[in-house]
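For reference, the structure is listed below as structure tokens.
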Amino acid sequence: MNLNQKFLRPNKFTLLLVVTGSLWLSACNVNLGASAGLSETETPAPTATEEPLLPTPTATPIPAPAGHIAFISDRDGIKKLYVMNADGSDQRRLTDLASEDEMPRWSPDGSQIAFVSTLDQNTDIFIYNLNTSALTRVTDDPAKDSAPSWSPDGSQLVFESFRDGNWEIYSINADGTNPTRLTDDSSGDNSPAWSPDGSKIAFVSNRFGNSDIFMMDPNGENLSTLTTSPMPDSDPAWSPDSQTIAFRTWPTNQQADICLISRDAVNLQCIVENQGENGVPVWSPNGQWLAFSSERGGTSGIGVINMETKQMVTLFTGSPAKGDPAWLDNVRLAYQADAGSNMDIFVKTVASNGNTLLTDGEIIQLTSQPTYDGDPHWTSQ
């Protein structure tokens with residue numbers, strides 16, 4: 001028994017005092033009421049009481065990151081495909097080809113990773129299946145095949161290929177069957193992006209003498225032009241609702257602005273202008289944020305825009321950010337950064353609950369190797 005228990009424990013004498021005191025106070029209340037002109041049956045008016053203090057509201061804690069991150073690392077002497085948990089644990093190598101891997105892209109269900117690898121001096125597209133550990137060579141052409149983009153149902157890929165002597169857009173089944181040429185123009189078509197609703201493919205073409213954004217059906221039909229600016233446009237990125245495309249436009253070789261165009265080509269808006277070379281825009285899964293690498297002010301960093309208010313925040317990333325960032329969820333970004341003599345992958349919290357952008361959010365280093373770790377790509381699965 002501690003001291004508090006000892007002194008708070010009632011005994012017979014204590015109970016007698018409590019009962020006696022209660023009776024005396026009851027008698028006093030009756031006398032006081034009678035002296036104030038109240039009858040014994042009347043009740044005195046209640047006195048004001050203080051409202052109880054409400055607890056101070058606290059921000060809802062952000063849950064730990066879920067899912068997995070695919071990335072490229074040369075920690076074994078050559079750039080290979082790796083995967084890790086979203087918190088940086090369980091880092092493991094997936095491929096063992098005698099070639100360098102790049103551009104990992106998760107399938108919509110998170111079970112496969114499409115990537116590009118240069119095998120026997122031939123750049124082709126491969127798919128690694130995480131459920132079976134099977135590796136499939138999707139393309140096998142002497143010319144370069146690159147930039148794979150998944151169909152929303154995961155059954156096909158669209159990609160750029162130089163097999164016709166210039167860049168054209170092709171589609172192919174995920175098992176490598178039925179390669180289909182979708183574009184045919186001598187000026188060159190590249191950078192395909194499949195819309196999340198599966199109805200359209202955006203891409204870049206020089207067919208009108210300038211690099212512009214175009215759109216077509218998945219079978220190559222119903223071609224339409226989205227941009228006709230005299231400045232080159234590049235890197236189309238679909239919003240999650242498939243209604244808007246973010247892209248880069250180039251007033252000069254040293255300046256890339258971020259612009260938006262609706263899929264009906266009616267609304268064109270540039271939301272980042274005259275601020276140096278900005279990287280490829282990346283939408284958050286809920287469409288609330290748009291992120292991109294930036295060289296504004298001569299410092300490599302990341303910019304994030306609130307798509308409702310168009311407010312932009314330049315993030316503090318510690319080490320200089322390089323390459324294009326990848327959303328980890330709706331509040332965090334994964335990115336590669338120059339950490340001295342090596343490149344590592346970091347995660348930064350960039351938004352709080354609601355519409356608040358954070359410049360001083362938490363930074364977590366996921367990899368720490370004296371080599372290259374980069375090109376992160378996330379799946380929620």
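Chain lettering (A, B, ...) mirrors the order of the structure tokens, residue numbering begins at 1 for each chain separately, and ligand numbering begins at 1 in order of display.
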I'd like the neighbourhood of Ser242 of chain A as an mmCIF file with C-alpha atoms, in the first residue's frame, where a residue qualifies if any of its atoms comes within 12 Å (using only C-alpha atoms), though same-chain residues fewer than 6 positions away should be ignored.
```cif
data_model
loop_
_atom_site.group_PDB
_atom_site.id
_atom_site.type_symbol
_atom_site.label_atom_id
_atom_site.label_comp_id
_atom_site.auth_asym_id
_atom_site.auth_seq_id
_atom_site.Cartn_x
_atom_site.Cartn_y
_atom_site.Cartn_z
ATOM 1 C CA PRO A 152 -5.755 0.809 -66.426
ATOM 2 C CA ALA A 193 0.466 8.230 -71.406
ATOM 3 C CA TRP A 194 -2.667 6.095 -70.994
ATOM 4 C CA SER A 195 -5.588 7.915 -69.352
ATOM 5 C CA PRO A 196 -6.772 6.455 -66.003
ATOM 6 C CA ASP A 197 -10.233 5.774 -67.446
ATOM 7 C CA GLY A 198 -8.667 3.829 -70.319
ATOM 8 C CA SER A 199 -10.394 5.802 -73.066
ATOM 9 C CA LYS A 200 -7.482 7.858 -74.455
ATOM 10 C CA ILE A 201 -3.722 7.936 -74.958
ATOM 11 C CA ALA A 202 -1.914 11.276 -74.841
ATOM 12 C CA PRO A 236 1.829 14.847 -70.758
ATOM 13 C CA ILE A 261 -5.131 21.599 -70.742
ATOM 14 C CA SER A 262 -8.583 19.987 -70.549
ATOM 15 C CA ARG A 263 -9.115 16.875 -72.651
ATOM 16 C CA ASP A 264 -11.514 18.821 -74.873
ATOM 17 C CA TRP A 283 -0.375 14.161 -59.827
ATOM 18 C CA PRO A 285 -3.539 9.927 -56.290
ATOM 19 C CA ASN A 286 -6.498 12.112 -55.223
ATOM 20 C CA GLY A 287 -5.730 14.852 -57.765
#
```
* What residues in segment 95-338 of chain A get the DSSP label strand (DSSP E)? Please answer as JSON, numbers by chain. -> {"A": [100, 101, 102, 103, 104, 105, 106, 112, 113, 114, 115, 116, 117, 118, 119, 122, 123, 124, 125, 126, 127, 128, 129, 135, 136, 137, 145, 146, 147, 148, 149, 150, 156, 157, 158, 159, 160, 161, 168, 169, 170, 171, 172, 173, 180, 181, 189, 190, 191, 192, 193, 194, 201, 202, 203, 204, 205, 212, 213, 214, 215, 216, 224, 225, 233, 234, 235, 236, 237, 238, 244, 245, 246, 247, 248, 249, 250, 251, 252, 255, 256, 257, 258, 259, 260, 261, 262, 268, 269, 270, 271, 272, 282, 283, 289, 290, 291, 292, 293, 294, 301, 302, 303, 304, 305, 306, 312, 313, 314, 315, 321, 322, 323, 324, 325, 326, 327, 332, 333, 334, 335, 336, 337, 338]}
* To do: For segment 129-145 of chain A, work out the shell of residues within 7 Å, counting only C-alpha atoms and skipping chain neighbours fewer than 3 positions away, then give it as JSON, numbers by chain.
  => {"A": [111, 112, 113, 122, 123, 124, 125, 126, 159, 160, 161, 162, 163, 174, 175, 176]}
* Extract, using only C-alpha atoms, all DNA, RNA and protein residues at most 7 Å from segment 325-342 of chain A, discarding same-chain residues fewer than 6 positions from it, and format them as a list in words. =>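 Near neighbours after the sequence-gap exclusion: Val282, Ser284, Pro285, Asn286, Phe292, Ser293, Ser319, Lys348, Thr349, Val350, Ala351, Ser352, Pro370, Thr371, Tyr372, Gly374, Asp375, Pro376, His377 and Trp378 of chain A.
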* Asked: What's the 8 Å shell around segment 79-96 of chain A, counting only C-alpha atoms, without same-chain residues fewer than 5 positions away, as an MDAnalysis selection string?
  -> chainID A and resid 64:74 101:102 104 128 133 328 366:367 378
* Asked: atom CA of Leu97 of chain A and atom CA of Asp109 of chain A, how far apart in Å?
  ->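 Taking atom CA of Asp109 of chain A and atom CA of Leu97 of chain A, their separation equals 24.7 Å.
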* Polymer residues at most 12 Å from Asn267 of chain A, only C-alpha atoms, same-chain spacing of 2 or more positions, as a PyMOL selection string -> chain A and resi 226-227+243-246+259-265+269-270
Keeping only C-alpha atoms, write the selected residues to a file as a CSV table (one decimal), in the first residue's frame.
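For reference, again-v3.csv as written:
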```
chain,number,residue,atom,x,y,z
A,226,LEU,CA,-4.6,19.5,-77.7
A,227,THR,CA,-1.9,22.2,-77.9
A,243,GLN,CA,-10.2,15.3,-67.5
A,244,THR,CA,-7.0,17.3,-67.4
A,245,ILE,CA,-3.5,16.9,-68.7
A,246,ALA,CA,-0.5,18.6,-67.1
A,259,CYS,CA,0.6,24.1,-67.9
A,260,LEU,CA,-2.8,22.4,-67.9
A,261,ILE,CA,-5.1,21.6,-70.7
A,262,SER,CA,-8.6,20.0,-70.5
A,263,ARG,CA,-9.1,16.9,-72.7
A,264,ASP,CA,-11.5,18.8,-74.9
A,265,ALA,CA,-8.7,21.4,-75.5
A,269,GLN,CA,-3.8,27.5,-68.2
A,270,CYS,CA,-0.1,27.9,-67.3
```
* Structure fact -> Among A:Asn253, A:Gln121, A:Thr314, A:Ser155, Pro108 of chain A is approached most closely, using only C-alpha atoms, by A:Ser155
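In this model, the gap between atom CA of Pro230 of chain A and atom CA of Asn278 of chain A comes to 18.8 Å.
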